[in-house]
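Colleague: Structure below; questions to follow.
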Amino acid sequence: MKPCTIFTPVRNHTVSVEYAATLWQLSRWPGLEYQLYQRPWDLIRCRSIGARLCLESRTDDFIFWDSDIAPHPRVVIKALEMPHPIVGARYRLKKEPAVYVPPMDPDAKPDEYGTVATDYLGMGFVRIKRSALQKMWDEYSKPEHELDFVDVHKGEQQKTIALFMMGFEVIGEGDSPDRFGAPRGARVLLSEDYAFCKRARKLDIPIRMMVEPVPHSGPMLFV
């Protein structure tokens, strides 16, 4: 198995016990090597800098993994073995009753890998192929998109592309109003992860969601 790069936002410099336990198990997984980055800052800046750090690595598989998501190691391995450019896991919001982000179409037919097509993914646990992320970086670094910014890392200026800048979406006729809690025709503000997915779809990069949900840590372990 090829090595991968894992990126985790840690704004308060803490992670859940479940997250740490999964990483520890993966460190002992036969044949798996990973490079880990953990960074603070707001999510838009943090995830965008994470994308740059991933592309600067020598690996071909990147995992964006939040510090409160606790997949079983076999789910991580499964995601790494899939051929899809972008594939992510379902997970529950930290509230009752159970609400999953993103919701799954009850009529969706999983493929041989246990995934379904989706327009949007939460970035709690997402595996991205280098080819997909590089394609997005190259396109959205063009001046007309106005997404480039400079950040300072270890005293040096680094050009970064805000692939996770929040954006807008107009609820269309074919969309479910339940997805955003707004009527058709309304203009909604997309979160940083949904905006990333919209930019990927504009480049015809397919997005897949794993049917099997993963736990979400909080005051309780939501599964």
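By convention here, the chains of the structure tokens are called A, B, ... in the order presented, each chain's residues are numbered starting at 1, and ligands are numbered starting at 1 in the order presented.
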Write out, as JSON lines, each residue of segment 167-223 of chain A that has an atom at most 9 Å from segment 107-119 of chain A, together with the closest pair of atoms and their distance in Å to one decimal, counting only C-alpha atoms, rows going by chain and rising number.
Modeller:
```
{"residue": "A:Tyr194", "atom": "CA", "partner": "A:Asp119", "partner_atom": "CA", "distance": 8.5}
{"residue": "A:Cys197", "atom": "CA", "partner": "A:Asp119", "partner_atom": "CA", "distance": 6.9}
{"residue": "A:Lys198", "atom": "CA", "partner": "A:Asp119", "partner_atom": "CA", "distance": 7.4}
{"residue": "A:Arg201", "atom": "CA", "partner": "A:Asp119", "partner_atom": "CA", "distance": 7.5}
{"residue": "A:Pro206", "atom": "CA", "partner": "A:Ala117", "partner_atom": "CA", "distance": 7.5}
{"residue": "A:Ile207", "atom": "CA", "partner": "A:Thr118", "partner_atom": "CA", "distance": 5.8}
{"residue": "A:Arg208", "atom": "CA", "partner": "A:Ala117", "partner_atom": "CA", "distance": 4.6}
{"residue": "A:Met209", "atom": "CA", "partner": "A:Thr115", "partner_atom": "CA", "distance": 5.1}
{"residue": "A:Met210", "atom": "CA", "partner": "A:Thr115", "partner_atom": "CA", "distance": 4.3}
{"residue": "A:Val211", "atom": "CA", "partner": "A:Thr115", "partner_atom": "CA", "distance": 5.5}
{"residue": "A:Glu212", "atom": "CA", "partner": "A:Gly114", "partner_atom": "CA", "distance": 7.6}
```
Colleague: Tell me, which residues of segment 42-201 of chain A carry DSSP helix (DSSP H, G or I), written as number ranges by chain?
Modeller: A: 43-56, 73-81, 130-140, 143-145, 177-180, 192-201
Colleague: Within 12 Å of Asp148 of chain A, counting only C-alpha atoms, which residues qualify if same-chain residues fewer than 3 places away don't, as a list of chain:residue names?
Modeller: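 Here the qualifying residues turn out to be A:Arg45, A:Ser48, A:Ile49, A:Arg52, A:Trp137, A:Asp138, A:Glu139, A:Tyr140, A:Ser141, A:Lys142, A:Pro143, A:Glu144, A:His145, A:Asp151, A:Gln158, A:Lys159, A:Thr160, A:Ile161, A:Ala162, A:Leu163, A:Phe164, A:Met165.
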Colleague: Can those selected residues be exported to a file as a PDB file, in the first residue's frame so that it contains C-alpha atoms?
Modeller:
```pdb
ATOM      1  CA  ARG A  45      -7.640  29.129   5.897  1.00  0.00           C
ATOM      2  CA  SER A  48      -6.821  25.565   2.155  1.00  0.00           C
ATOM      3  CA  ILE A  49      -3.321  25.535   3.644  1.00  0.00           C
ATOM      4  CA  ARG A  52      -1.157  23.098  -0.250  1.00  0.00           C
ATOM      5  CA  TRP A 137      -5.424  23.933  -7.535  1.00  0.00           C
ATOM      6  CA  ASP A 138      -4.320  24.642 -11.102  1.00  0.00           C
ATOM      7  CA  GLU A 139      -7.739  25.931 -12.179  1.00  0.00           C
ATOM      8  CA  TYR A 140      -8.549  28.046  -9.144  1.00  0.00           C
ATOM      9  CA  SER A 141      -5.102  29.628  -9.017  1.00  0.00           C
ATOM     10  CA  LYS A 142      -6.085  31.553 -12.154  1.00  0.00           C
ATOM     11  CA  PRO A 143      -6.525  35.297 -11.446  1.00  0.00           C
ATOM     12  CA  GLU A 144     -10.167  35.394 -12.558  1.00  0.00           C
ATOM     13  CA  HIS A 145     -11.229  33.255  -9.599  1.00  0.00           C
ATOM     14  CA  ASP A 151       0.189  33.220   4.261  1.00  0.00           C
ATOM     15  CA  GLN A 158       3.593  31.013   0.823  1.00  0.00           C
ATOM     16  CA  LYS A 159       1.061  31.359  -1.982  1.00  0.00           C
ATOM     17  CA  THR A 160      -2.099  29.462  -1.159  1.00  0.00           C
ATOM     18  CA  ILE A 161      -5.376  28.996  -3.028  1.00  0.00           C
ATOM     19  CA  ALA A 162      -8.551  29.329  -0.976  1.00  0.00           C
ATOM     20  CA  LEU A 163     -10.202  26.181  -2.336  1.00  0.00           C
ATOM     21  CA  PHE A 164     -12.382  26.201   0.774  1.00  0.00           C
ATOM     22  CA  MET A 165     -13.579  29.806   0.531  1.00  0.00           C
TER      23      MET A 165
END
```
Colleague: DSSP on the backbone, strand (DSSP E or B) only: what residues of segment 65-204 of chain A does that give? Format it as a VMD selection string.
Modeller: chain A and resid 65 69 86 to 92 100 to 101 115 to 117 125 to 129 148 to 153 156 to 161 167 to 170 187 to 190
Colleague: May I have a table of the residues of segment 48-138 of chain A lying at most 12 Å from segment 5-25 of chain A, giving each one's closest pair of atoms and their distance in Å to one decimal, counting only C-alpha atoms, ordered by chain and ascending residue number, as a tab-separated table?
Modeller:
```
residue	atom	partner	partner_atom	distance
A:Ser48	CA	A:Pro9	CA	10.5
A:Ile49	CA	A:Phe7	CA	9.7
A:Gly50	CA	A:Phe7	CA	6.1
A:Ala51	CA	A:Phe7	CA	8.4
A:Arg52	CA	A:Phe7	CA	10.6
A:Leu53	CA	A:Phe7	CA	8.5
A:Cys54	CA	A:Thr5	CA	6.4
A:Leu55	CA	A:Thr5	CA	9.4
A:Glu56	CA	A:Thr5	CA	10.2
A:Ser57	CA	A:Thr5	CA	7.4
A:Arg58	CA	A:Thr5	CA	8.6
A:Thr59	CA	A:Thr5	CA	6.4
A:Asp60	CA	A:Thr5	CA	8.1
A:Asp61	CA	A:Thr5	CA	6.4
A:Phe62	CA	A:Thr5	CA	4.9
A:Ile63	CA	A:Ile6	CA	4.7
A:Phe64	CA	A:Phe7	CA	5.0
A:Trp65	CA	A:Thr8	CA	5.2
A:Asp66	CA	A:Thr8	CA	5.3
A:Ser67	CA	A:Val15	CA	4.8
A:Asp68	CA	A:Ser16	CA	5.3
A:Ile69	CA	A:Tyr19	CA	6.1
A:Ala70	CA	A:Tyr19	CA	4.8
A:Pro71	CA	A:Thr22	CA	7.0
A:His72	CA	A:Thr22	CA	6.5
A:Pro73	CA	A:Thr22	CA	6.0
A:Arg74	CA	A:Thr22	CA	9.8
A:Val75	CA	A:Thr22	CA	10.4
A:Val76	CA	A:Thr22	CA	9.2
A:Ile77	CA	A:Thr22	CA	11.5
A:Leu80	CA	A:Thr5	CA	10.7
A:Met123	CA	A:Thr8	CA	10.2
A:Gly124	CA	A:Thr8	CA	9.1
A:Phe125	CA	A:Thr8	CA	9.5
A:Val126	CA	A:Ile6	CA	9.9
A:Arg127	CA	A:Ile6	CA	9.0
A:Ile128	CA	A:Thr5	CA	10.0
A:Lys129	CA	A:Thr5	CA	10.6
A:Arg130	CA	A:Thr5	CA	10.3
```
Colleague: With N, CA and C atoms retained, could you export that selection as a short mmCIF file (atom, residue, chain, number, x, y, z; two decimals), in the first residue's frame?
Modeller:
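After the write, selection_39.cif holds the following:
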```cif
data_model
loop_
_atom_site.label_atom_id
_atom_site.label_comp_id
_atom_site.auth_asym_id
_atom_site.auth_seq_id
_atom_site.Cartn_x
_atom_site.Cartn_y
_atom_site.Cartn_z
N SER A 48 -7.49 25.15 3.39
CA SER A 48 -6.82 25.57 2.15
C SER A 48 -5.31 25.39 2.27
N ILE A 49 -4.75 25.76 3.42
CA ILE A 49 -3.32 25.54 3.64
C ILE A 49 -3.04 24.04 3.68
N GLY A 50 -3.98 23.26 4.22
CA GLY A 50 -3.82 21.81 4.22
C GLY A 50 -3.72 21.25 2.83
N ALA A 51 -4.51 21.79 1.90
CA ALA A 51 -4.44 21.33 0.52
C ALA A 51 -3.06 21.60 -0.07
N ARG A 52 -2.50 22.79 0.25
CA ARG A 52 -1.16 23.10 -0.25
C ARG A 52 -0.11 22.15 0.34
N LEU A 53 -0.21 21.88 1.63
CA LEU A 53 0.73 20.98 2.28
C LEU A 53 0.64 19.57 1.69
N CYS A 54 -0.56 19.15 1.38
CA CYS A 54 -0.74 17.82 0.77
C CYS A 54 -0.04 17.76 -0.58
N LEU A 55 -0.25 18.79 -1.40
CA LEU A 55 0.35 18.80 -2.73
C LEU A 55 1.87 18.93 -2.66
N GLU A 56 2.38 19.50 -1.58
CA GLU A 56 3.83 19.59 -1.40
C GLU A 56 4.43 18.26 -0.95
N SER A 57 3.59 17.35 -0.49
CA SER A 57 4.07 16.05 -0.05
C SER A 57 4.37 15.18 -1.27
N ARG A 58 4.89 13.99 -1.02
CA ARG A 58 5.23 13.06 -2.10
C ARG A 58 4.21 11.93 -2.23
N THR A 59 3.06 12.08 -1.61
CA THR A 59 2.05 11.02 -1.65
C THR A 59 0.98 11.34 -2.69
N ASP A 60 0.22 10.32 -3.06
CA ASP A 60 -0.84 10.48 -4.06
C ASP A 60 -2.23 10.44 -3.45
N ASP A 61 -2.34 10.08 -2.18
CA ASP A 61 -3.62 10.02 -1.50
C ASP A 61 -3.60 10.94 -0.30
N PHE A 62 -4.62 11.82 -0.21
CA PHE A 62 -4.71 12.79 0.87
C PHE A 62 -6.00 12.55 1.64
N ILE A 63 -5.91 12.59 2.96
CA ILE A 63 -7.09 12.42 3.80
C ILE A 63 -7.28 13.69 4.63
N PHE A 64 -8.43 14.34 4.45
CA PHE A 64 -8.82 15.45 5.30
C PHE A 64 -9.69 14.85 6.40
N TRP A 65 -9.23 14.97 7.64
CA TRP A 65 -9.81 14.19 8.74
C TRP A 65 -9.93 15.07 9.97
N ASP A 66 -11.15 15.34 10.41
CA ASP A 66 -11.37 16.19 11.57
C ASP A 66 -11.03 15.45 12.86
N SER A 67 -10.65 16.21 13.87
CA SER A 67 -10.17 15.63 15.12
C SER A 67 -11.28 15.02 15.98
N ASP A 68 -12.53 15.16 15.56
CA ASP A 68 -13.63 14.54 16.31
C ASP A 68 -14.34 13.45 15.51
N ILE A 69 -13.74 13.03 14.41
CA ILE A 69 -14.28 11.92 13.61
C ILE A 69 -13.43 10.68 13.91
N ALA A 70 -14.11 9.56 14.17
CA ALA A 70 -13.38 8.37 14.64
C ALA A 70 -13.73 7.13 13.81
N PRO A 71 -13.28 7.07 12.56
CA PRO A 71 -13.56 5.88 11.75
C PRO A 71 -12.75 4.68 12.24
N HIS A 72 -13.29 3.51 12.03
CA HIS A 72 -12.51 2.30 12.31
C HIS A 72 -11.36 2.25 11.31
N PRO A 73 -10.19 1.75 11.69
CA PRO A 73 -9.07 1.69 10.74
C PRO A 73 -9.41 1.04 9.41
N ARG A 74 -10.27 0.03 9.43
CA ARG A 74 -10.60 -0.64 8.16
C ARG A 74 -11.34 0.30 7.21
N VAL A 75 -12.07 1.30 7.76
CA VAL A 75 -12.76 2.28 6.91
C VAL A 75 -11.72 3.18 6.24
N VAL A 76 -10.67 3.53 6.97
CA VAL A 76 -9.60 4.35 6.40
C VAL A 76 -8.91 3.58 5.27
N ILE A 77 -8.59 2.33 5.52
CA ILE A 77 -7.94 1.50 4.50
C ILE A 77 -8.83 1.34 3.28
N LEU A 80 -8.76 4.40 1.14
CA LEU A 80 -7.50 4.52 0.40
C LEU A 80 -7.45 3.58 -0.79
N MET A 123 -16.45 17.63 5.27
CA MET A 123 -15.03 17.28 5.18
C MET A 123 -14.51 16.61 6.44
N GLY A 124 -15.40 16.04 7.24
CA GLY A 124 -14.97 15.36 8.45
C GLY A 124 -14.02 14.22 8.18
N PHE A 125 -14.29 13.47 7.11
CA PHE A 125 -13.38 12.42 6.67
C PHE A 125 -13.54 12.25 5.16
N VAL A 126 -12.56 12.75 4.42
CA VAL A 126 -12.60 12.71 2.95
C VAL A 126 -11.23 12.33 2.42
N ARG A 127 -11.21 11.36 1.49
CA ARG A 127 -9.96 10.99 0.82
C ARG A 127 -9.98 11.56 -0.59
N ILE A 128 -8.90 12.28 -0.96
CA ILE A 128 -8.81 12.95 -2.26
C ILE A 128 -7.56 12.47 -2.97
N LYS A 129 -7.70 12.14 -4.24
CA LYS A 129 -6.56 11.76 -5.06
C LYS A 129 -5.77 13.01 -5.46
N ARG A 130 -4.46 12.85 -5.59
CA ARG A 130 -3.61 13.97 -6.00
C ARG A 130 -4.09 14.58 -7.31
#
```
